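Quick look at run.cif (mmCIF, C-alpha atoms; chains and numbers go by the auth columns):
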```
data_final
#
loop_
_atom_site.group_PDB
_atom_site.id
_atom_site.type_symbol
_atom_site.label_atom_id
_atom_site.label_comp_id
_atom_site.label_asym_id
_atom_site.label_seq_id
_atom_site.Cartn_x
_atom_site.Cartn_y
_atom_site.Cartn_z
_atom_site.B_iso_or_equiv
_atom_site.auth_seq_id
_atom_site.auth_asym_id
ATOM 1 C CA MET A 1 44.546 -19.355 -96.486 0.00 275 A
ATOM 2 C CA SER A 2 45.600 -15.746 -96.144 0.00 276 A
ATOM 3 C CA MET A 3 47.111 -13.892 -99.062 0.00 277 A
ATOM 4 C CA LEU A 4 50.549 -13.934 -97.393 0.00 278 A
ATOM 5 C CA ASP A 5 50.460 -17.741 -97.086 0.00 279 A
ATOM 6 C CA ARG A 6 49.793 -18.383 -100.779 0.00 280 A
ATOM 7 C CA PRO A 7 52.692 -20.327 -102.370 0.00 281 A
ATOM 8 C CA ASP A 8 53.213 -17.699 -105.074 0.00 282 A
ATOM 9 C CA ASN A 9 53.568 -14.957 -102.436 0.00 283 A
ATOM 10 C CA ARG A 10 55.988 -17.056 -100.371 0.00 284 A
ATOM 11 C CA ILE A 11 58.131 -17.632 -103.450 0.00 285 A
ATOM 12 C CA ALA A 12 58.016 -13.927 -104.285 0.00 286 A
ATOM 13 C CA GLY A 13 59.043 -13.142 -100.715 0.00 287 A
ATOM 14 C CA PHE A 14 61.961 -15.550 -100.963 0.00 288 A
ATOM 15 C CA VAL A 15 63.104 -13.992 -104.244 0.00 289 A
ATOM 16 C CA LEU A 16 62.786 -10.506 -102.716 0.00 290 A
ATOM 17 C CA LYS A 17 64.929 -11.548 -99.744 0.00 291 A
ATOM 18 C CA GLY A 18 67.548 -12.825 -102.181 0.00 292 A
ATOM 19 C CA GLN A 19 67.486 -9.520 -104.038 0.00 293 A
ATOM 20 C CA LEU A 20 67.806 -7.597 -100.778 0.00 294 A
ATOM 21 C CA ALA A 21 70.792 -9.739 -99.834 0.00 295 A
ATOM 22 C CA GLU A 22 72.397 -8.951 -103.206 0.00 296 A
ATOM 23 C CA VAL A 23 71.833 -5.216 -102.694 0.00 297 A
ATOM 24 C CA ALA A 24 73.286 -5.391 -99.167 0.00 298 A
ATOM 25 C CA LEU A 25 76.318 -7.299 -100.432 0.00 299 A
ATOM 26 C CA GLU A 26 76.802 -4.817 -103.257 0.00 300 A
ATOM 27 C CA ARG A 27 76.653 -1.914 -100.796 0.00 301 A
ATOM 28 C CA LEU A 28 79.235 -3.571 -98.587 0.00 302 A
ATOM 29 C CA THR A 29 81.475 -4.207 -101.572 0.00 303 A
ATOM 30 C CA GLN A 30 81.098 -0.663 -102.883 0.00 304 A
ATOM 31 C CA GLY A 31 81.615 0.728 -99.398 0.00 305 A
ATOM 32 C CA GLY A 32 84.907 -1.147 -99.237 0.00 306 A
ATOM 33 C CA LYS A 33 85.945 0.268 -102.610 0.00 307 A
ATOM 34 C CA ARG A 34 85.029 3.843 -101.665 0.00 308 A
ATOM 35 C CA GLY A 35 86.869 3.785 -98.370 0.00 309 A
ATOM 36 C CA GLY A 36 89.698 1.495 -99.444 0.00 310 A
ATOM 37 C CA GLU A 37 90.150 -2.024 -98.189 0.00 311 A
ATOM 38 C CA LEU A 38 89.641 -2.298 -94.443 0.00 312 A
ATOM 39 C CA THR A 39 92.679 -3.771 -92.762 0.00 313 A
ATOM 40 C CA PHE A 40 93.591 -4.093 -89.126 0.00 314 A
ATOM 41 C CA GLU A 41 95.897 -1.114 -89.497 0.00 315 A
ATOM 42 C CA SER A 42 93.310 1.125 -91.190 0.00 316 A
ATOM 43 C CA ILE A 43 90.707 0.243 -88.566 0.00 317 A
ATOM 44 C CA ALA A 44 93.261 0.856 -85.793 0.00 318 A
ATOM 45 C CA ARG A 45 93.830 4.372 -87.144 0.00 319 A
ATOM 46 C CA LYS A 46 90.077 5.080 -87.383 0.00 320 A
ATOM 47 C CA VAL A 47 89.477 4.082 -83.751 0.00 321 A
ATOM 48 C CA SER A 48 92.598 5.857 -82.402 0.00 322 A
ATOM 49 C CA LEU A 49 94.179 2.634 -81.149 0.00 323 A
ATOM 50 C CA LYS A 50 97.577 4.383 -80.817 0.00 324 A
ATOM 51 C CA ASP A 51 96.101 6.701 -78.161 0.00 325 A
ATOM 52 C CA LEU A 52 94.978 3.899 -75.850 0.00 326 A
ATOM 53 C CA ASP A 53 96.984 2.237 -73.089 0.00 327 A
ATOM 54 C CA PRO A 54 99.621 0.089 -74.868 0.00 328 A
ATOM 55 C CA ASP A 55 99.385 -2.773 -72.350 0.00 329 A
ATOM 56 C CA ALA A 56 95.593 -2.966 -72.715 0.00 330 A
ATOM 57 C CA VAL A 57 95.960 -2.887 -76.512 0.00 331 A
ATOM 58 C CA ALA A 58 98.590 -5.656 -76.433 0.00 332 A
ATOM 59 C CA ASP A 59 96.349 -7.858 -74.254 0.00 333 A
ATOM 60 C CA ALA A 60 93.323 -7.221 -76.471 0.00 334 A
ATOM 61 C CA LYS A 61 95.335 -7.979 -79.633 0.00 335 A
ATOM 62 C CA LYS A 62 96.289 -11.380 -78.228 0.00 336 A
ATOM 63 C CA MET A 63 92.659 -12.181 -77.522 0.00 337 A
ATOM 64 C CA SER A 64 91.505 -10.901 -80.930 0.00 338 A
ATOM 65 C CA ALA A 65 92.441 -14.211 -82.599 0.00 339 A
ATOM 66 C CA ILE A 66 90.077 -15.982 -80.209 0.00 340 A
ATOM 67 C CA TYR A 67 87.338 -13.475 -80.987 0.00 341 A
ATOM 68 C CA VAL A 68 87.793 -14.177 -84.712 0.00 342 A
ATOM 69 C CA ALA A 69 87.629 -17.942 -84.143 0.00 343 A
ATOM 70 C CA ILE A 70 84.537 -17.811 -81.940 0.00 344 A
ATOM 71 C CA ALA A 71 82.652 -15.308 -84.120 0.00 345 A
ATOM 72 C CA SER A 72 83.424 -17.431 -87.181 0.00 346 A
ATOM 73 C CA PHE A 73 82.285 -20.591 -85.369 0.00 347 A
ATOM 74 C CA GLU A 74 79.004 -18.947 -84.336 0.00 348 A
ATOM 75 C CA ASN A 75 78.268 -17.833 -87.870 0.00 349 A
ATOM 76 C CA MET A 76 79.262 -21.229 -89.249 0.00 350 A
ATOM 77 C CA VAL A 77 76.633 -22.841 -86.979 0.00 351 A
ATOM 78 C CA ARG A 78 74.058 -20.246 -88.055 0.00 352 A
ATOM 79 C CA GLU A 79 74.800 -20.919 -91.732 0.00 353 A
ATOM 80 C CA LEU A 80 74.606 -24.688 -91.224 0.00 354 A
ATOM 81 C CA ILE A 81 71.183 -24.319 -89.592 0.00 355 A
ATOM 82 C CA SER A 82 69.770 -21.893 -92.145 0.00 356 A
ATOM 83 C CA ASP A 83 71.149 -23.755 -95.180 0.00 357 A
ATOM 84 C CA ARG A 84 69.900 -27.144 -93.997 0.00 358 A
ATOM 85 C CA LEU A 85 66.460 -25.915 -92.910 0.00 359 A
ATOM 86 C CA LEU A 86 66.005 -23.846 -96.060 0.00 360 A
ATOM 87 C CA GLU A 87 66.819 -26.918 -98.121 0.00 361 A
ATOM 88 C CA GLU A 88 64.591 -29.294 -96.140 0.00 362 A
ATOM 89 C CA LYS A 89 61.747 -27.091 -94.886 0.00 363 A
ATOM 90 C CA GLY A 90 61.618 -24.281 -97.441 0.00 364 A
ATOM 91 C CA ALA A 91 61.740 -20.501 -97.382 0.00 365 A
ATOM 92 C CA ASN A 92 59.401 -20.246 -94.379 0.00 366 A
ATOM 93 C CA TRP A 93 61.681 -22.324 -92.133 0.00 367 A
ATOM 94 C CA TRP A 94 62.230 -19.483 -89.640 0.00 368 A
ATOM 95 C CA ASN A 95 58.511 -19.363 -88.825 0.00 369 A
ATOM 96 C CA SER A 96 57.864 -23.100 -88.978 0.00 370 A
ATOM 97 C CA CYS A 97 61.029 -24.502 -87.368 0.00 371 A
ATOM 98 C CA VAL A 98 61.947 -21.991 -84.650 0.00 372 A
ATOM 99 C CA SER A 99 60.187 -21.797 -81.288 0.00 373 A
ATOM 100 C CA ASP A 100 58.083 -18.769 -80.419 0.00 374 A
ATOM 101 C CA ASP A 101 60.500 -17.790 -77.626 0.00 375 A
ATOM 102 C CA VAL A 102 63.560 -17.769 -79.899 0.00 376 A
ATOM 103 C CA ARG A 103 61.705 -15.948 -82.676 0.00 377 A
ATOM 104 C CA LYS A 104 60.333 -13.315 -80.301 0.00 378 A
ATOM 105 C CA ARG A 105 63.766 -12.673 -78.751 0.00 379 A
ATOM 106 C CA ALA A 106 65.320 -12.251 -82.199 0.00 380 A
ATOM 107 C CA GLU A 107 62.450 -10.054 -83.404 0.00 381 A
ATOM 108 C CA ARG A 108 62.843 -7.784 -80.348 0.00 382 A
ATOM 109 C CA LYS A 109 66.518 -7.336 -81.197 0.00 383 A
ATOM 110 C CA ILE A 110 65.650 -6.617 -84.827 0.00 384 A
ATOM 111 C CA LYS A 111 63.123 -3.961 -83.769 0.00 385 A
ATOM 112 C CA ASP A 112 65.627 -2.427 -81.345 0.00 386 A
ATOM 113 C CA GLU A 113 68.195 -2.146 -84.115 0.00 387 A
ATOM 114 C CA GLU A 114 65.632 -0.719 -86.556 0.00 388 A
ATOM 115 C CA ARG A 115 64.969 2.118 -84.111 0.00 389 A
ATOM 116 C CA ILE A 116 68.642 3.070 -84.104 0.00 390 A
ATOM 117 C CA ARG A 117 68.893 3.918 -87.798 0.00 391 A
ATOM 118 C CA TRP A 118 72.233 5.725 -87.539 0.00 392 A
ATOM 119 C CA HIS A 119 74.033 2.470 -86.702 0.00 393 A
ATOM 120 C CA GLY A 120 74.615 -0.594 -88.892 0.00 394 A
ATOM 121 C CA THR A 121 72.876 -3.848 -88.021 0.00 395 A
ATOM 122 C CA ARG A 122 74.330 -7.252 -87.230 0.00 396 A
ATOM 123 C CA GLY A 123 72.732 -8.981 -90.214 0.00 397 A
ATOM 124 C CA ILE A 124 69.829 -9.242 -92.608 0.00 398 A
ATOM 125 C CA SER A 125 68.548 -12.650 -91.513 0.00 399 A
ATOM 126 C CA PRO A 126 66.781 -13.194 -88.168 0.00 400 A
ATOM 127 C CA ILE A 127 69.164 -16.036 -87.296 0.00 401 A
ATOM 128 C CA TYR A 128 71.939 -13.445 -86.865 0.00 402 A
ATOM 129 C CA PHE A 129 69.933 -12.015 -83.972 0.00 403 A
ATOM 130 C CA THR A 130 70.032 -15.300 -82.043 0.00 404 A
ATOM 131 C CA GLU A 131 72.272 -16.297 -79.167 0.00 405 A
ATOM 132 C CA LEU A 132 74.258 -19.525 -78.936 0.00 406 A
ATOM 133 C CA LYS A 133 71.653 -21.049 -76.604 0.00 407 A
ATOM 134 C CA ASP A 134 69.033 -20.289 -79.281 0.00 408 A
ATOM 135 C CA LEU A 135 71.058 -22.207 -81.847 0.00 409 A
ATOM 136 C CA ILE A 136 71.013 -25.250 -79.560 0.00 410 A
ATOM 137 C CA SER A 137 67.234 -24.865 -79.258 0.00 411 A
ATOM 138 C CA ILE A 138 66.765 -24.688 -83.048 0.00 412 A
ATOM 139 C CA LEU A 139 68.971 -27.726 -83.600 0.00 413 A
ATOM 140 C CA GLN A 140 67.148 -29.723 -80.924 0.00 414 A
ATOM 141 C CA LYS A 141 63.689 -28.774 -82.228 0.00 415 A
ATOM 142 C CA ASN A 142 64.696 -29.887 -85.745 0.00 416 A
ATOM 143 C CA TRP A 143 67.001 -32.737 -84.824 0.00 417 A
ATOM 144 C CA SER A 144 65.755 -35.012 -87.627 0.00 418 A
ATOM 145 C CA SER A 145 67.239 -32.526 -90.111 0.00 419 A
ATOM 146 C CA PHE A 146 70.700 -32.732 -88.519 0.00 420 A
ATOM 147 C CA GLU A 147 71.053 -36.232 -87.079 0.00 421 A
ATOM 148 C CA ASP A 148 72.826 -37.476 -90.213 0.00 422 A
ATOM 149 C CA LEU A 149 75.521 -34.836 -89.668 0.00 423 A
ATOM 150 C CA LEU A 150 75.885 -34.491 -85.891 0.00 424 A
ATOM 151 C CA PRO A 151 76.356 -37.419 -83.466 0.00 425 A
ATOM 152 C CA ASP A 152 73.761 -36.380 -80.872 0.00 426 A
ATOM 153 C CA ILE A 153 72.264 -33.276 -79.313 0.00 427 A
ATOM 154 C CA GLU A 154 74.223 -33.682 -76.071 0.00 428 A
ATOM 155 C CA TRP A 155 77.495 -33.507 -78.021 0.00 429 A
ATOM 156 C CA VAL A 156 76.253 -30.351 -79.780 0.00 430 A
ATOM 157 C CA ARG A 157 75.141 -28.843 -76.478 0.00 431 A
ATOM 158 C CA HIS A 158 78.527 -29.590 -74.890 0.00 432 A
ATOM 159 C CA ILE A 159 80.537 -28.074 -77.776 0.00 433 A
ATOM 160 C CA ILE A 160 78.431 -24.920 -77.971 0.00 434 A
ATOM 161 C CA ARG A 161 78.183 -24.354 -74.220 0.00 435 A
ATOM 162 C CA THR A 162 81.923 -24.860 -73.763 0.00 436 A
ATOM 163 C CA ILE A 163 82.715 -22.339 -76.498 0.00 437 A
ATOM 164 C CA GLU A 164 80.035 -19.984 -75.147 0.00 438 A
ATOM 165 C CA ARG A 165 81.774 -19.832 -71.760 0.00 439 A
ATOM 166 C CA SER A 166 84.959 -18.550 -73.405 0.00 440 A
ATOM 167 C CA ARG A 167 82.949 -16.374 -75.781 0.00 441 A
ATOM 168 C CA ASN A 168 81.384 -14.525 -72.863 0.00 442 A
ATOM 169 C CA VAL A 169 84.808 -13.763 -71.379 0.00 443 A
ATOM 170 C CA ILE A 170 86.189 -12.496 -74.702 0.00 444 A
ATOM 171 C CA MET A 171 83.087 -10.467 -75.615 0.00 445 A
ATOM 172 C CA HIS A 172 83.324 -8.664 -72.279 0.00 446 A
ATOM 173 C CA SER A 173 86.996 -7.723 -72.734 0.00 447 A
ATOM 174 C CA GLY A 174 88.375 -10.499 -70.548 0.00 448 A
ATOM 175 C CA GLN A 175 91.493 -12.628 -70.935 0.00 449 A
ATOM 176 C CA LEU A 176 91.518 -16.403 -71.390 0.00 450 A
ATOM 177 C CA SER A 177 94.138 -18.744 -69.957 0.00 451 A
ATOM 178 C CA ILE A 178 96.126 -20.993 -72.274 0.00 452 A
ATOM 179 C CA ASP A 179 93.965 -23.948 -71.154 0.00 453 A
ATOM 180 C CA ASP A 180 90.815 -22.064 -72.150 0.00 454 A
ATOM 181 C CA ILE A 181 92.340 -21.057 -75.486 0.00 455 A
ATOM 182 C CA GLU A 182 93.327 -24.648 -76.253 0.00 456 A
ATOM 183 C CA ARG A 183 89.857 -25.860 -75.244 0.00 457 A
ATOM 184 C CA VAL A 184 88.235 -23.418 -77.699 0.00 458 A
ATOM 185 C CA GLY A 185 90.523 -24.646 -80.450 0.00 459 A
ATOM 186 C CA MET A 186 89.898 -28.306 -79.653 0.00 460 A
ATOM 187 C CA ASN A 187 86.118 -27.866 -79.670 0.00 461 A
ATOM 188 C CA ILE A 188 86.148 -25.906 -82.937 0.00 462 A
ATOM 189 C CA ARG A 189 88.361 -28.556 -84.566 0.00 463 A
ATOM 190 C CA ASP A 190 86.034 -31.325 -83.343 0.00 464 A
ATOM 191 C CA TRP A 191 83.026 -29.494 -84.806 0.00 465 A
ATOM 192 C CA ILE A 192 84.750 -28.952 -88.152 0.00 466 A
ATOM 193 C CA ARG A 193 85.875 -32.581 -88.373 0.00 467 A
ATOM 194 C CA GLN A 194 82.359 -33.733 -87.581 0.00 468 A
ATOM 195 C CA ILE A 195 80.513 -31.619 -90.135 0.00 469 A
ATOM 196 C CA GLY A 196 83.197 -32.138 -92.768 0.00 470 A
ATOM 197 C CA THR A 197 83.966 -28.529 -93.645 0.00 471 A
#
```
Let's see the structure in the file written out as C-alpha cells.
Amino acid sequence: MSMLDRPDNRIAGFVLKGQLAEVALERLTQGGKRGGELTFESIARKVSLKDLDPDAVADAKKMSAIYVAIASFENMVRELISDRLLEEKGANWWNSCVSDDVRKRAERKIKDEERIRWHGTRGISPIYFTELKDLISILQKNWSSFEDLLPDIEWVRHIIRTIERSRNVIMHSGQLSIDDIERVGMNIRDWIRQIGT
C-alpha cells in the first residue's frame, strides 16, 4: 500500500478538500460583498449589453431562462451523483467509480484551465468538468447505487439526451421552438418528480 492510499491520508485529503471548498465559498461570498450583489442589470452594464444589437439581446434574453433551467439541471445531476457515491463509496469515489475515459477527459479540462490562470474555473470538483454523456456513463457504471431512485438507465439516458439536444442549441447561441422549450420543461419536471426534490 502506497503512502497516498493509507486510510489516514485519504481522510486527511477529504478534510483538506472540504477546507478548500470552504475557502473558495468564502472568496466567492467576499467577492460578492466587495463588488456589490451581482444582478442581471449589474452584469448587463459590465458586459456593455446596451451597446449590442437590441434584437439579438431580446432573443438571447428569452432563451436565458432555458439556459438557467438546463445549467441547474446539469448541476443537480452532478450533485446527485457525487453525494450518493460519496455516501456509498467514500471519499475516493471519483477514482474508484468513474471510468478511465471519463476521468482522463475531465483531468485534461482541469489541466487546460489550470494553464489559463487569469480566468476563473468552472468548479473545484472533477465532476464539474464532465459532459452530460459522462454523467450517463457514471450512472450506468454505478447503477446499483442509483436503482432505488431512478427507474432504469434507459429512462435516464432518454431524459439526459433529450435535454442535451436543447442544451447544445442554447449553449451555441441558438433559439429553441416552443415545442423544444416545453420538452425541456417536461423532462426536467419528470426528473424532479422521480428523484423527489
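In this comparison, which uses only C-alpha atoms, the residue of A:Glu311, A:Asp453, A:Asp325, A:Glu348 approaching Leu409 of chain A most closely is A:Glu348.
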Go through A:Asn366, A:Asn461, A:Asn416, A:Thr404 and flag the residue nearest Thr436 of chain A, using only C-alpha atoms for the distances. A:Asn461
Could you tell me which residues the PyMOL selection byres ((chain A and resi 336) around 12) returns for this structure, as a ChimeraX atom specification? /A:329-335,337-342,444,447-452,455
Given the file above and the PyMOL selection byres ((chain A and resi 355) around 10), which residues are selected, and can you give them as a PDB file with C-alpha atoms, in the coordinates of the input?
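Written output follows (result34.pdb):
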```pdb
ATOM      1  CA  ASN A 349      78.268 -17.833 -87.870  1.00  0.00           C
ATOM      2  CA  MET A 350      79.262 -21.229 -89.249  1.00  0.00           C
ATOM      3  CA  VAL A 351      76.633 -22.841 -86.979  1.00  0.00           C
ATOM      4  CA  ARG A 352      74.058 -20.246 -88.055  1.00  0.00           C
ATOM      5  CA  GLU A 353      74.800 -20.919 -91.732  1.00  0.00           C
ATOM      6  CA  LEU A 354      74.606 -24.688 -91.224  1.00  0.00           C
ATOM      7  CA  SER A 356      69.770 -21.893 -92.145  1.00  0.00           C
ATOM      8  CA  ASP A 357      71.149 -23.755 -95.180  1.00  0.00           C
ATOM      9  CA  ARG A 358      69.900 -27.144 -93.997  1.00  0.00           C
ATOM     10  CA  LEU A 359      66.460 -25.915 -92.910  1.00  0.00           C
ATOM     11  CA  LEU A 360      66.005 -23.846 -96.060  1.00  0.00           C
ATOM     12  CA  GLU A 361      66.819 -26.918 -98.121  1.00  0.00           C
ATOM     13  CA  ILE A 401      69.164 -16.036 -87.296  1.00  0.00           C
ATOM     14  CA  LEU A 409      71.058 -22.207 -81.847  1.00  0.00           C
ATOM     15  CA  ILE A 412      66.765 -24.688 -83.048  1.00  0.00           C
ATOM     16  CA  LEU A 413      68.971 -27.726 -83.600  1.00  0.00           C
ATOM     17  CA  ASN A 416      64.696 -29.887 -85.745  1.00  0.00           C
ATOM     18  CA  SER A 419      67.239 -32.526 -90.111  1.00  0.00           C
ATOM     19  CA  PHE A 420      70.700 -32.732 -88.519  1.00  0.00           C
TER      20      PHE A 420
END
```
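Here atom CA of Trp429 of chain A is placed at a distance of 26.0 Å from atom CA of Asn369 of chain A.
Distance-wise, atom CA of Ser316 of chain A and atom CA of Val458 of chain A end up 28.5 Å apart.
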For Ile433 of chain A, list every protein, DNA or RNA residue within 10 Å, evaluated using only C-alpha atoms, and leave out those in the same chain fewer than 5 positions away; present the list as a list in words. Ile427, Glu428, Glu438, Arg457, Val458, Met460, Asn461, Ile462, Asp464 and Trp465 of chain A
Only C-alpha atoms, please: the residues just picked out, written as a PDB file, in the frame of the given file.
```pdb
ATOM      1  CA  ILE A 427      72.264 -33.276 -79.313  1.00  0.00           C
ATOM      2  CA  GLU A 428      74.223 -33.682 -76.071  1.00  0.00           C
ATOM      3  CA  GLU A 438      80.035 -19.984 -75.147  1.00  0.00           C
ATOM      4  CA  ARG A 457      89.857 -25.860 -75.244  1.00  0.00           C
ATOM      5  CA  VAL A 458      88.235 -23.418 -77.699  1.00  0.00           C
ATOM      6  CA  MET A 460      89.898 -28.306 -79.653  1.00  0.00           C
ATOM      7  CA  ASN A 461      86.118 -27.866 -79.670  1.00  0.00           C
ATOM      8  CA  ILE A 462      86.148 -25.906 -82.937  1.00  0.00           C
ATOM      9  CA  ASP A 464      86.034 -31.325 -83.343  1.00  0.00           C
ATOM     10  CA  TRP A 465      83.026 -29.494 -84.806  1.00  0.00           C
TER      11      TRP A 465
END
```
Six-sided padding of 3 Å per side, axis-aligned box over segment 446-461 of chain A, centre and edges in Å, one decimal, as AutoDock Vina command-line options:
```
--center_x 89.7 --center_y -18.0 --center_z -75.2 --size_x 18.8 --size_y 26.6 --size_z 16.5
```
Since the input is missing atoms, can you rebuild N, CA and C atoms for segment 414-430 of chain A and write them as a PDB file, in the coordinates of the input?
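The resulting file, result.pdb, is shown below:
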```pdb
ATOM      1  N   GLN A 414      67.897 -28.688 -81.646  1.00  0.00           N
ATOM      2  CA  GLN A 414      67.148 -29.723 -80.924  1.00  0.00           C
ATOM      3  C   GLN A 414      65.731 -29.858 -81.472  1.00  0.00           C
ATOM      4  N   LYS A 415      65.072 -28.748 -81.733  1.00  0.00           N
ATOM      5  CA  LYS A 415      63.689 -28.774 -82.228  1.00  0.00           C
ATOM      6  C   LYS A 415      63.607 -29.428 -83.606  1.00  0.00           C
ATOM      7  N   ASN A 416      64.679 -29.367 -84.373  1.00  0.00           N
ATOM      8  CA  ASN A 416      64.696 -29.887 -85.745  1.00  0.00           C
ATOM      9  C   ASN A 416      65.734 -30.989 -85.902  1.00  0.00           C
ATOM     10  N   TRP A 417      65.924 -31.764 -84.859  1.00  0.00           N
ATOM     11  CA  TRP A 417      67.001 -32.737 -84.824  1.00  0.00           C
ATOM     12  C   TRP A 417      66.985 -33.689 -86.023  1.00  0.00           C
ATOM     13  N   SER A 418      65.827 -34.068 -86.497  1.00  0.00           N
ATOM     14  CA  SER A 418      65.755 -35.012 -87.627  1.00  0.00           C
ATOM     15  C   SER A 418      66.445 -34.452 -88.874  1.00  0.00           C
ATOM     16  N   SER A 419      66.567 -33.142 -88.965  1.00  0.00           N
ATOM     17  CA  SER A 419      67.239 -32.526 -90.111  1.00  0.00           C
ATOM     18  C   SER A 419      68.761 -32.502 -89.958  1.00  0.00           C
ATOM     19  N   PHE A 420      69.266 -32.831 -88.775  1.00  0.00           N
ATOM     20  CA  PHE A 420      70.700 -32.732 -88.519  1.00  0.00           C
ATOM     21  C   PHE A 420      71.335 -34.024 -88.030  1.00  0.00           C
ATOM     22  N   GLU A 421      70.504 -35.031 -87.697  1.00  0.00           N
ATOM     23  CA  GLU A 421      71.053 -36.232 -87.079  1.00  0.00           C
ATOM     24  C   GLU A 421      71.978 -37.026 -87.995  1.00  0.00           C
ATOM     25  N   ASP A 422      71.892 -36.802 -89.306  1.00  0.00           N
ATOM     26  CA  ASP A 422      72.826 -37.476 -90.213  1.00  0.00           C
ATOM     27  C   ASP A 422      74.206 -36.824 -90.186  1.00  0.00           C
ATOM     28  N   LEU A 423      74.293 -35.619 -89.640  1.00  0.00           N
ATOM     29  CA  LEU A 423      75.521 -34.836 -89.668  1.00  0.00           C
ATOM     30  C   LEU A 423      76.181 -34.733 -88.302  1.00  0.00           C
ATOM     31  N   LEU A 424      75.387 -34.691 -87.251  1.00  0.00           N
ATOM     32  CA  LEU A 424      75.885 -34.491 -85.891  1.00  0.00           C
ATOM     33  C   LEU A 424      75.594 -35.742 -85.058  1.00  0.00           C
ATOM     34  N   PRO A 425      76.526 -36.142 -84.167  1.00  0.00           N
ATOM     35  CA  PRO A 425      76.356 -37.419 -83.466  1.00  0.00           C
ATOM     36  C   PRO A 425      75.141 -37.471 -82.539  1.00  0.00           C
ATOM     37  N   ASP A 426      74.954 -36.464 -81.724  1.00  0.00           N
ATOM     38  CA  ASP A 426      73.761 -36.380 -80.872  1.00  0.00           C
ATOM     39  C   ASP A 426      73.677 -34.982 -80.281  1.00  0.00           C
ATOM     40  N   ILE A 427      72.502 -34.645 -79.777  1.00  0.00           N
ATOM     41  CA  ILE A 427      72.264 -33.276 -79.313  1.00  0.00           C
ATOM     42  C   ILE A 427      73.099 -32.947 -78.077  1.00  0.00           C
ATOM     43  N   GLU A 428      73.400 -33.950 -77.254  1.00  0.00           N
ATOM     44  CA  GLU A 428      74.223 -33.682 -76.071  1.00  0.00           C
ATOM     45  C   GLU A 428      75.636 -33.276 -76.467  1.00  0.00           C
ATOM     46  N   TRP A 429      76.177 -33.895 -77.516  1.00  0.00           N
ATOM     47  CA  TRP A 429      77.495 -33.507 -78.021  1.00  0.00           C
ATOM     48  C   TRP A 429      77.460 -32.058 -78.510  1.00  0.00           C
ATOM     49  N   VAL A 430      76.425 -31.717 -79.275  1.00  0.00           N
ATOM     50  CA  VAL A 430      76.253 -30.351 -79.780  1.00  0.00           C
ATOM     51  C   VAL A 430      76.163 -29.373 -78.612  1.00  0.00           C
TER      52      VAL A 430
END
```
